[in-house]
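First the structure, in the form of structure tokens, and then the observations on it.
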Amino acid sequence: MTTARYQVRSVLTDPDGKLTDYWQVVDTHLDDDVVASYHDCESADNQAQRLNEQDVDQK
């Protein structure tokens with residue numbers, strides 16, 4: 001199984017680690033460089049999916 005190049009990670013700035021402040025789409029082929037940031041997980045997931053589909057199409 002291969003790992004998707006673009007992945008979503010949550011960013012917590014709450015000291016208790018209970019609240020997700022925002023979500024980032026990162027490029028795992030470039031040392032987890034941040035591609036985009038979103039306030040909702042669904043938008044971040046959608047962007048990561050689009051980027052991964054484009055990445056597959058380019059191969």
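Following the order of the structure tokens, chains are lettered A, B, ..., residues in each are numbered from 1, and ligands are numbered from 1.
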Contacts of Ser37 of chain A at 12 Å or less, counting only C-alpha atoms, minus same-chain residues fewer than 4 places along, as a PyMOL selection string?
chain A and resi 7-11+21-26+33+41-48
For the structure I just gave you, how does DSSP split chain A - specifically, which residues are helix (DSSP H, G or I)? Reply as a list in words.
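Restricting chain A to helix (DSSP H, G or I) produces Thr28, His29, Leu30, Cys41, Glu42, Ser43, Ala44, Asp45, Asn46, Gln47, Ala48, Gln49, Arg50, Leu51, Asn52, Glu53, Gln54, Asp55, Val56 and Asp57 of chain A.
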Between atom CA of Arg5 of chain A and atom CA of Asp27 of chain A, what is the spacing in Å?
5.9 Å
Those of chain A in DSSP strand (DSSP E), formatted as a PyMOL selection string:
chain A and resi 6-11+22-27+33-38
Residue nearest Asp31 of chain A among A:Tyr6, A:Asp57, A:Asp14, A:Leu19 (counting only C-alpha atoms)
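Among the listed residues, the smallest separation from Asp31 of chain A belongs to A:Tyr6.
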